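Coordinates from input.cif are shown below (mmCIF, C-alpha atoms and all ligand atoms).
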```cif
data_model
loop_
_atom_site.label_atom_id
_atom_site.label_comp_id
_atom_site.auth_asym_id
_atom_site.auth_seq_id
_atom_site.Cartn_x
_atom_site.Cartn_y
_atom_site.Cartn_z
CA MET A 322 22.22 -293.32 16.47
CA ILE A 323 19.18 -291.16 15.70
CA ALA A 324 19.25 -287.35 15.77
CA ASN A 325 19.05 -285.59 19.15
CA ASN A 326 15.89 -283.79 18.03
CA MET A 327 14.24 -287.14 17.36
CA VAL A 328 15.20 -288.48 20.79
CA LYS A 329 13.26 -285.55 22.27
CA ALA A 330 10.35 -286.11 19.88
CA LEU A 331 10.15 -289.78 20.88
CA GLN A 332 9.91 -288.83 24.56
CA GLY A 333 7.21 -286.20 23.83
CA GLY A 334 5.09 -288.51 21.68
CA SER A 335 5.05 -291.41 24.10
CA LYS A 336 2.26 -290.04 26.35
CA ILE A 337 -0.39 -289.85 23.63
CA ARG A 338 0.71 -293.21 22.23
CA LYS A 339 0.34 -294.78 25.69
CA MET A 340 -3.13 -293.27 26.02
CA PHE A 341 -4.12 -294.76 22.66
CA GLU A 342 -2.83 -298.19 23.71
CA GLU A 343 -4.54 -297.91 27.09
CA GLY A 344 -7.87 -297.13 25.36
CA ASN A 345 -7.56 -300.28 23.27
CA ARG A 346 -6.60 -302.36 26.33
CA LEU A 347 -9.62 -301.17 28.30
CA LYS A 348 -11.97 -301.74 25.34
CA SER A 349 -10.78 -305.33 25.02
CA ILE A 350 -11.66 -305.91 28.71
CA TYR A 351 -14.88 -303.89 29.20
CA GLY A 352 -16.24 -303.67 25.60
CA VAL A 353 -16.23 -300.70 23.22
CA ASP A 354 -19.37 -299.05 24.67
CA ASN A 355 -18.13 -299.15 28.25
CA VAL A 356 -14.88 -297.31 27.71
CA TYR A 357 -15.29 -293.58 27.24
CA ASP A 358 -12.30 -292.81 25.12
CA PHE A 359 -12.45 -289.09 24.38
CA SER A 360 -8.72 -288.84 23.80
CA ILE A 361 -8.44 -289.11 20.00
CA GLY A 362 -9.81 -286.70 17.38
CA ASN A 363 -10.41 -289.21 14.61
CA PRO A 364 -13.61 -288.27 12.68
CA ASP A 365 -15.88 -291.31 12.69
CA LEU A 366 -18.71 -290.22 10.33
CA GLU A 367 -18.69 -291.75 6.86
CA PRO A 368 -17.81 -289.39 3.98
CA PRO A 369 -20.84 -287.90 2.10
CA VAL A 370 -22.32 -289.97 -0.77
CA GLU A 371 -20.95 -287.49 -3.34
CA VAL A 372 -17.42 -288.64 -2.44
CA LYS A 373 -18.11 -292.33 -3.00
CA LYS A 374 -19.92 -291.63 -6.27
CA ALA A 375 -17.08 -289.46 -7.58
CA LEU A 376 -14.52 -292.10 -6.60
CA ILE A 377 -16.42 -294.86 -8.42
CA ASP A 378 -17.06 -292.70 -11.50
CA ILE A 379 -13.41 -291.69 -11.75
CA ALA A 380 -12.21 -295.29 -11.38
CA ASN A 381 -14.45 -296.21 -14.33
CA GLU A 382 -13.35 -293.37 -16.58
CA ASP A 383 -10.50 -293.69 -19.05
CA ILE A 384 -8.59 -290.50 -18.38
CA PRO A 385 -5.20 -290.60 -20.14
CA GLY A 386 -2.29 -290.01 -17.76
CA MET A 387 -4.62 -290.17 -14.80
CA HIS A 388 -1.96 -291.63 -12.52
CA GLY A 389 0.96 -289.59 -13.84
CA TYR A 390 3.08 -286.84 -12.32
CA MET A 391 1.66 -283.36 -12.63
CA SER A 392 2.53 -279.78 -11.77
CA ASN A 393 3.70 -279.62 -8.11
CA SER A 394 0.71 -277.40 -7.29
CA GLY A 395 -1.81 -279.92 -8.62
CA TYR A 396 -4.43 -280.03 -11.35
CA GLU A 397 -5.34 -276.62 -12.78
CA SER A 398 -9.06 -277.51 -12.91
CA THR A 399 -9.15 -278.55 -9.22
CA ARG A 400 -7.30 -275.41 -8.16
CA ALA A 401 -9.61 -273.24 -10.29
CA ALA A 402 -12.70 -274.83 -8.71
CA ILE A 403 -11.33 -274.15 -5.20
CA ALA A 404 -10.40 -270.58 -6.16
CA LYS A 405 -13.97 -270.04 -7.46
CA LYS A 406 -15.51 -271.36 -4.22
CA ARG A 407 -13.26 -269.21 -2.05
CA SER A 408 -13.98 -266.17 -4.29
CA GLU A 409 -17.73 -266.68 -3.79
CA GLU A 410 -17.28 -266.91 -0.01
CA SER A 411 -14.97 -263.91 0.36
CA GLY A 412 -15.99 -261.57 -2.44
CA LEU A 413 -12.30 -261.44 -3.52
CA GLN A 414 -11.08 -262.25 -7.01
CA ILE A 415 -9.02 -265.42 -6.39
CA ASP A 416 -7.09 -267.08 -9.19
CA ALA A 417 -6.14 -270.77 -9.51
CA SER A 418 -2.49 -269.70 -9.11
CA ALA A 419 -3.25 -268.93 -5.43
CA VAL A 420 -3.86 -272.61 -4.68
CA CYS A 421 -1.44 -275.48 -4.16
CA MET A 422 -2.94 -278.93 -3.53
CA THR A 423 -1.30 -280.67 -0.55
CA VAL A 424 -1.18 -283.89 1.44
CA GLY A 425 -3.64 -282.60 4.06
CA ALA A 426 -3.28 -279.58 6.35
CA ALA A 427 -0.15 -281.02 8.00
CA ALA A 428 1.76 -280.92 4.70
CA ALA A 429 0.20 -277.56 3.86
CA MET A 430 1.57 -276.08 7.11
CA ASN A 431 5.00 -277.59 6.47
CA ASP A 432 5.03 -276.20 2.91
CA VAL A 433 4.16 -272.73 4.17
CA LEU A 434 6.59 -272.71 7.11
CA HIS A 435 9.39 -274.07 4.90
CA SER A 436 8.68 -271.24 2.46
CA LEU A 437 8.72 -268.54 5.14
CA LEU A 438 11.24 -269.38 7.84
CA ASP A 439 14.92 -268.63 8.18
CA PRO A 440 16.67 -270.24 11.18
CA GLU A 441 15.53 -268.69 14.51
CA ASP A 442 12.59 -266.85 12.92
CA GLU A 443 9.68 -266.67 15.35
CA VAL A 444 6.16 -267.96 14.85
CA ILE A 445 3.45 -266.81 17.27
CA VAL A 446 0.89 -269.44 18.31
CA LEU A 447 -2.23 -268.82 20.44
CA ALA A 448 -2.65 -271.09 23.46
CA PRO A 449 -4.39 -273.45 23.63
CA TYR A 450 -3.15 -274.80 20.30
CA PHE A 451 -2.66 -278.03 18.31
CA MET A 452 0.72 -279.21 19.59
CA GLU A 453 1.84 -280.56 16.22
CA TYR A 454 2.63 -276.92 15.38
CA ASN A 455 5.72 -277.27 17.59
CA GLY A 456 7.01 -280.07 15.36
CA TYR A 457 6.11 -278.28 12.13
CA ILE A 458 7.90 -275.09 13.23
CA ALA A 459 10.94 -277.03 14.48
CA ASN A 460 11.13 -278.87 11.13
CA HIS A 461 12.06 -275.57 9.52
CA ASN A 462 14.30 -274.28 12.33
CA GLY A 463 11.81 -271.73 13.60
CA LYS A 464 11.03 -270.76 17.19
CA VAL A 465 7.61 -271.08 18.83
CA VAL A 466 6.38 -267.98 20.68
CA ILE A 467 3.28 -268.67 22.75
CA CYS A 468 0.65 -265.97 23.25
CA ASP A 469 -2.10 -266.71 25.74
CA THR A 470 -5.85 -266.17 25.23
CA ASP A 471 -8.41 -265.07 27.84
CA GLU A 472 -10.48 -267.29 30.17
CA LYS A 473 -12.92 -268.00 27.32
CA PHE A 474 -9.96 -268.83 25.00
CA VAL A 475 -10.53 -265.63 22.99
CA PRO A 476 -7.31 -264.07 21.67
CA HIS A 477 -6.67 -260.32 21.88
CA ALA A 478 -4.71 -258.39 19.27
CA GLU A 479 -2.99 -256.25 21.93
CA ASP A 480 -1.53 -259.38 23.58
CA ILE A 481 -0.24 -260.51 20.18
CA LYS A 482 1.28 -257.08 19.58
CA ALA A 483 3.30 -257.48 22.80
CA LYS A 484 4.84 -260.71 21.42
CA ILE A 485 6.06 -259.22 18.13
CA THR A 486 9.83 -258.85 17.71
CA SER A 487 12.09 -258.13 14.76
CA ARG A 488 12.24 -261.94 14.22
CA THR A 489 8.48 -262.52 14.05
CA LYS A 490 7.78 -264.05 10.65
CA ALA A 491 4.30 -265.46 11.09
CA ILE A 492 1.38 -266.10 13.38
CA ILE A 493 -0.76 -269.24 13.23
CA ILE A 494 -4.50 -268.84 13.84
CA ASN A 495 -6.91 -271.77 14.00
CA SER A 496 -10.65 -271.08 13.99
CA PRO A 497 -12.72 -273.04 14.92
CA ASN A 498 -9.99 -273.96 17.34
CA ASN A 499 -8.60 -277.33 18.34
CA PRO A 500 -8.93 -277.82 21.34
CA SER A 501 -11.26 -274.99 22.52
CA GLY A 502 -13.87 -274.93 19.73
CA VAL A 503 -13.77 -271.11 19.78
CA VAL A 504 -14.54 -269.25 16.53
CA TYR A 505 -12.54 -266.04 16.10
CA SER A 506 -14.68 -262.93 15.57
CA GLU A 507 -14.59 -260.40 12.72
CA GLN A 508 -13.50 -257.82 15.28
CA PHE A 509 -10.50 -259.90 16.36
CA LEU A 510 -9.45 -260.53 12.75
CA THR A 511 -9.73 -256.82 11.92
CA GLU A 512 -7.70 -255.83 14.98
CA LEU A 513 -5.10 -258.50 14.28
CA ASN A 514 -4.69 -257.19 10.74
CA ASP A 515 -4.26 -253.64 12.06
CA VAL A 516 -1.62 -254.73 14.57
CA LEU A 517 0.34 -256.68 11.96
CA LYS A 518 0.14 -253.92 9.37
CA ALA A 519 1.54 -251.47 11.93
CA ALA A 520 4.66 -253.67 12.44
CA ASP A 521 7.88 -252.52 10.75
CA HIS A 522 8.17 -255.69 8.65
CA THR A 523 5.84 -258.17 6.94
CA ILE A 524 4.24 -260.75 9.23
CA GLN A 525 2.28 -263.52 7.55
CA VAL A 526 -0.91 -264.96 9.05
CA ILE A 527 -1.20 -268.71 8.56
CA SER A 528 -4.86 -269.63 8.96
CA ASP A 529 -5.14 -273.34 9.74
CA GLU A 530 -8.74 -274.16 8.76
CA PRO A 531 -9.49 -277.91 8.90
CA TYR A 532 -12.60 -277.26 11.05
CA ILE A 533 -14.05 -274.33 9.11
CA ASP A 534 -17.10 -276.36 7.98
CA LEU A 535 -17.77 -277.81 11.44
CA VAL A 536 -19.67 -275.04 13.24
CA TYR A 537 -22.84 -275.25 15.30
CA ASP A 538 -25.91 -273.25 16.31
CA GLY A 539 -26.24 -271.80 12.77
CA LEU A 540 -22.99 -269.85 13.13
CA THR A 541 -20.75 -268.99 10.18
CA VAL A 542 -17.00 -268.65 10.59
CA PRO A 543 -15.78 -265.17 9.60
CA SER A 544 -13.59 -265.59 6.51
CA ALA A 545 -9.97 -264.67 7.28
CA LEU A 546 -9.68 -263.76 3.59
CA LYS A 547 -11.98 -260.79 4.12
CA PHE A 548 -10.14 -259.33 7.09
CA ILE A 549 -6.45 -260.28 6.83
CA ASP A 550 -4.19 -259.06 4.02
CA ASN A 551 -0.96 -261.03 4.39
CA LEU A 552 -2.73 -264.35 4.66
CA VAL A 553 -2.04 -267.97 3.69
CA ILE A 554 -4.78 -270.53 4.32
CA CYS A 555 -4.02 -274.18 5.11
CA PHE A 556 -7.11 -276.30 4.52
CA SER A 557 -7.89 -280.00 4.56
CA TRP A 558 -10.85 -282.31 3.91
CA SER A 559 -9.83 -284.57 6.81
CA LYS A 560 -12.77 -283.32 8.91
CA SER A 561 -15.32 -281.72 6.55
CA LEU A 562 -15.44 -284.82 4.30
CA SER A 563 -14.17 -287.30 6.93
CA LEU A 564 -11.13 -288.24 4.85
CA PRO A 565 -8.17 -288.00 7.25
CA GLY A 566 -6.52 -291.16 5.95
CA GLU A 567 -6.62 -289.99 2.33
CA ARG A 568 -4.43 -286.93 2.97
CA ILE A 569 -5.86 -284.17 0.81
CA GLY A 570 -5.86 -280.42 1.38
CA TYR A 571 -4.48 -277.16 -0.01
CA THR A 572 -2.71 -273.88 0.64
CA LEU A 573 -4.23 -270.66 -0.64
CA VAL A 574 -2.38 -267.34 -0.71
CA SER A 575 -4.62 -264.29 -0.47
CA PRO A 576 -4.60 -262.06 -3.57
CA LYS A 577 -4.03 -259.18 -1.09
CA ASN A 578 -0.79 -260.77 0.15
CA GLU A 579 2.19 -258.49 -0.56
CA ASP A 580 4.39 -261.57 -1.17
CA TYR A 581 1.84 -263.28 -3.45
CA ASN A 582 4.15 -264.16 -6.36
CA ASP A 583 7.13 -265.31 -4.29
CA LEU A 584 5.01 -267.18 -1.78
CA THR A 585 2.89 -269.12 -4.29
CA ALA A 586 6.07 -270.13 -6.16
CA ALA A 587 7.94 -271.07 -2.95
CA ILE A 588 5.06 -273.21 -1.68
CA ALA A 589 4.99 -275.24 -4.91
CA ILE A 590 8.74 -275.89 -4.62
CA SER A 591 8.42 -276.80 -0.92
CA ASN A 592 5.62 -279.23 -1.78
CA ARG A 593 8.07 -281.01 -4.09
CA THR A 594 11.24 -280.86 -2.03
CA LEU A 595 9.61 -281.83 1.27
CA GLY A 596 8.61 -285.06 -0.39
CA SER A 597 4.94 -284.86 -1.28
CA VAL A 598 5.82 -283.90 -4.91
CA ASN A 599 2.09 -283.39 -5.53
CA ALA A 600 -1.14 -284.24 -3.73
CA PRO A 601 -2.82 -287.60 -4.58
CA ALA A 602 -4.12 -287.43 -8.17
CA ILE A 603 -7.38 -289.34 -7.70
CA TRP A 604 -8.31 -287.40 -4.59
CA GLN A 605 -7.83 -284.09 -6.37
CA ARG A 606 -10.35 -285.26 -8.96
CA VAL A 607 -12.77 -286.52 -6.30
CA ILE A 608 -12.58 -283.21 -4.44
CA GLU A 609 -13.28 -281.24 -7.60
CA ARG A 610 -16.55 -283.16 -7.98
CA SER A 611 -17.62 -282.97 -4.34
CA LEU A 612 -16.39 -279.52 -3.43
CA TYR A 613 -19.70 -278.33 -1.99
CA ALA A 614 -20.44 -281.51 0.00
CA LYS A 615 -19.80 -281.96 3.72
CA VAL A 616 -20.44 -284.48 6.49
CA ASP A 617 -23.66 -284.31 8.50
CA VAL A 618 -22.69 -281.48 10.85
CA SER A 619 -25.95 -281.83 12.82
CA ASN A 620 -24.74 -285.24 13.97
CA TYR A 621 -21.61 -283.69 15.52
CA GLU A 622 -23.74 -280.89 16.95
CA ASN A 623 -25.96 -283.43 18.77
CA ARG A 624 -22.92 -285.15 20.20
CA ARG A 625 -21.45 -281.82 21.31
CA ASN A 626 -24.74 -281.00 23.07
CA GLN A 627 -24.89 -284.39 24.76
CA LEU A 628 -21.28 -284.41 25.96
CA TYR A 629 -21.47 -280.78 27.10
CA SER A 630 -24.62 -281.60 29.15
CA ASN A 631 -22.87 -284.58 30.74
CA ILE A 632 -19.95 -282.40 31.83
CA VAL A 633 -21.96 -279.42 33.06
CA ASP A 634 -24.85 -281.41 34.62
CA ALA A 635 -22.38 -283.51 36.61
CA GLY A 636 -21.03 -280.24 38.08
CA PHE A 637 -17.91 -279.47 36.01
CA ASP A 638 -17.19 -276.28 34.06
CA ALA A 639 -16.49 -275.84 30.34
CA VAL A 640 -16.80 -273.21 27.63
CA LYS A 641 -19.36 -274.53 25.12
CA PRO A 642 -17.50 -275.03 21.82
CA GLN A 643 -18.86 -273.16 18.79
CA GLY A 644 -17.16 -275.51 16.33
CA ALA A 645 -14.58 -278.28 15.75
CA LEU A 646 -14.77 -281.66 17.51
CA TYR A 647 -13.65 -281.01 21.08
CA ILE A 648 -14.69 -279.72 24.48
CA PHE A 649 -11.93 -278.13 26.56
CA MET A 650 -13.25 -278.50 30.12
CA ASN A 651 -11.76 -277.01 33.28
CA THR A 652 -9.75 -279.31 35.53
CA PRO A 653 -11.54 -279.19 38.92
CA GLN A 654 -9.85 -276.82 41.39
CA GLY A 655 -7.10 -278.27 43.56
CA LEU A 656 -6.16 -281.02 41.09
CA THR A 657 -3.34 -281.18 38.57
CA ASP A 658 -4.25 -282.30 35.05
CA ASP A 659 -2.53 -285.65 35.67
CA GLU A 660 -4.40 -286.22 38.95
CA PHE A 661 -7.71 -285.46 37.23
CA ALA A 662 -6.84 -287.72 34.27
CA ASP A 663 -6.04 -290.53 36.74
CA ILE A 664 -9.40 -290.16 38.52
CA CYS A 665 -11.19 -290.17 35.14
CA HIS A 666 -9.20 -293.25 34.14
CA GLU A 667 -10.55 -295.11 37.20
CA GLU A 668 -14.02 -294.69 35.63
CA ASN A 669 -12.77 -295.81 32.18
CA LEU A 670 -12.96 -292.23 30.93
CA LEU A 671 -9.94 -291.11 28.89
CA ILE A 672 -9.05 -287.47 28.36
CA VAL A 673 -5.98 -285.47 27.32
CA GLY A 674 -4.61 -282.95 29.85
CA GLY A 675 -4.42 -279.30 28.83
CA ALA A 676 -0.60 -279.23 29.00
CA ALA A 677 -0.66 -281.12 25.67
CA PHE A 678 -2.14 -277.89 24.23
CA ALA A 679 0.11 -275.50 26.20
CA LYS A 680 -2.78 -274.74 28.57
CA PRO A 681 -2.59 -276.63 31.88
CA GLY A 682 -5.71 -276.54 34.05
CA TYR A 683 -7.94 -277.99 31.34
CA ALA A 684 -8.69 -281.30 29.64
CA ARG A 685 -9.64 -281.99 26.02
CA LEU A 686 -12.45 -284.38 25.20
CA ALA A 687 -13.05 -285.31 21.54
CA PHE A 688 -16.74 -285.91 20.73
CA CYS A 689 -16.19 -287.72 17.43
CA VAL A 690 -17.15 -290.98 19.20
CA SER A 691 -20.43 -292.89 19.02
CA GLU A 692 -23.57 -291.39 20.58
CA LYS A 693 -23.87 -294.56 22.64
CA THR A 694 -20.42 -293.96 24.16
CA ILE A 695 -21.39 -290.39 25.02
CA GLN A 696 -24.71 -291.53 26.55
CA ASN A 697 -23.03 -294.27 28.58
CA SER A 698 -20.33 -291.88 29.79
CA ARG A 699 -22.87 -289.73 31.69
CA LYS A 700 -22.75 -291.97 34.73
CA ALA A 701 -18.95 -291.84 34.73
CA PHE A 702 -18.95 -288.02 34.88
CA PHE A 703 -21.40 -288.16 37.77
CA ALA A 704 -19.30 -290.80 39.57
CA ILE A 705 -16.14 -288.68 39.15
CA ALA A 706 -17.95 -285.61 40.52
CA ASP A 707 -19.12 -287.69 43.52
CA LYS A 708 -15.56 -288.82 44.22
CA LEU A 709 -14.39 -285.20 44.18
CA GLY A 710 -17.31 -283.91 46.26
CA ILE A 711 -18.52 -281.70 43.40
CA PRO A 712 -22.29 -281.02 43.58
CA HIS A 713 -24.32 -281.99 40.51
CA ARG A 714 -26.30 -279.37 38.60
CA SER A 715 -28.89 -281.84 37.38
CA GLU A 716 -30.22 -285.38 37.80
CA LEU A 717 -28.34 -288.37 36.39
C1 LIG B 801 -5.79 -277.80 14.22
C2 LIG B 801 -5.31 -278.86 13.28
N1 LIG B 801 -4.51 -278.52 12.28
C3 LIG B 801 -4.05 -279.43 11.40
C4 LIG B 801 -4.41 -280.76 11.51
C5 LIG B 801 -3.85 -281.74 10.52
O1 LIG B 801 -4.87 -282.16 9.68
P1 LIG B 801 -4.60 -283.06 8.40
O2 LIG B 801 -5.22 -284.39 8.67
O3 LIG B 801 -5.29 -282.37 7.30
O4 LIG B 801 -3.16 -283.12 8.16
C6 LIG B 801 -5.24 -281.17 12.54
C7 LIG B 801 -5.61 -282.58 12.73
O5 LIG B 801 -6.22 -283.01 13.66
C8 LIG B 801 -5.72 -280.19 13.46
O6 LIG B 801 -6.52 -280.51 14.49
#
```
Any chance you could put this one into structure tokens?
Amino acid sequence: MIANNMVKALQGGSKIRKMFEEGNRLKSIYGVDNVYDFSIGNPDLEPPVEVKKALIDIANEDIPGMHGYMSNSGYESTRAAIAKKRSEESGLQIDASAVCMTVGAAAAMNDVLHSLLDPEDEVIVLAPYFMEYNGYIANHNGKVVICDTDEKFVPHAEDIKAKITSRTKAIIINSPNNPSGVVYSEQFLTELNDVLKAADHTIQVISDEPYIDLVYDGLTVPSALKFIDNLVICFSWSKSLSLPGERIGYTLVSPKNEDYNDLTAAIAISNRTLGSVNAPAIWQRVIERSLYAKVDVSNYENRRNQLYSNIVDAGFDAVKPQGALYIFMNTPQGLTDDEFADICHEENLLIVGGAAFAKPGYARLAFCVSEKTIQNSRKAFFAIADKLGIPHRSEL
């Protein structure tokens, strides 16, 4: 008999799994280019050449103990290189001791939450949000407290203030955001810091940053390090180097964090006891040599532009994402998310309803699919609009 919690988790996970299977079924019938599967956020660009070169070079080098255990936080030289890069970006003096190498952002988040939470401690999340946070917080017996954002998915510090209780231990921010693509402003980060500093106990900000390098229109993402004091960053190269299957990332505790010593030490222990022990040795070395590389962001930007035009030209509404890999479009008025998903399905177009991100009334479409798929999908958006009697804004 499995645990009651897992019975619930199995029920919750089945919808996305079914969608994945349905996408594969449709592709086997109609061909890959005629199924518009926007449901999965799996980066499809190849990693930059620097990554392949570093991997080959390292495999050919005789480094004694290269495959051995190491400190739970990872190689000192890799951590120092990351600390140097983050110091350059933020203007802060960041030491290698701030960094713990992890098995992607998912493990980073679990390490941090394990280090922070006592049973029933509350973690504020900003809707819409990446639903895996629910599982991560539950893993460490915490409670999710949802705070809404405005109609453009912009969070407001005053709304967050209203959610703070004596049990609030942390808030998770994610900019650029999955699923909205919104980048949080300097003003928001400053106001958030002020609100948290005014609380009668320490509240940690966990900044989940896997999309920080994927921003468009020449924008730069304001560095949370500059504006937030009690900060822990969770980063991963899953998206910026297209390495989600390799599982490599890190946590970084801000030097301004009032719990710096305890938190850096606790995260290293959590990394071990939660089962990662340390992040993959070879990938730490690869990262150190390709730290300033990233995937061709202009490619994602073109796809964003193309998919956004399809949606808006056909007559639907969406906030144009500033970053990340998703468009969070409005569900047309009068329809539930499930009804809209069903109508899209009839045109071989697969989306994920907003309820999966704690924000019903919307649908997430991932644009990390081929340009051909996005081009071909245009007629499906127009056909769906026709079915719903929605006037087009442009020609097909
Ligand atoms: C917002 C967000 N956080 C964390 C993760 C987990 O990333 P990783 O592959 O590094 O574990 C993802 C993955 O899609 C994500 O979208």
Practice task
Please give me, as a PyMOL selection string, the residues lying within 7 Å of ligand LIG 801 (chain B) when counting only C-alpha atoms and all ligand atoms.
Solution key: chain A and resi 362+425-428+451+495+498-499+529+531+556-559+565+568-570
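Between atom CA of A:Pro440 and atom CA of A:Asn592 lies a distance of 19.3 Å.
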Exercise for the section: List the neighbours of A:Asp538 out to 10 Å using all atoms listed in the file; skip same-chain residues closer than 3 positions along the sequence, and give me the result as number ranges by chain. Expected result: A: 541, 619, 622, 643-644
Practice task
Give the answer as one residue: which of A:Ser436, A:Asn582, A:Thr572, A:Asn626 has the shortest atom-to-atom distance to A:Ile458, using all atoms listed in the file?
Solution key: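 Among the listed residues, the smallest separation from A:Ile458 belongs to A:Ser436.
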Practice task
For atom CA of A:Asn460 and atom CA of A:Pro500, determine how far apart the two atoms are, in Å to one decimal place.
Solution key: 22.5 Å
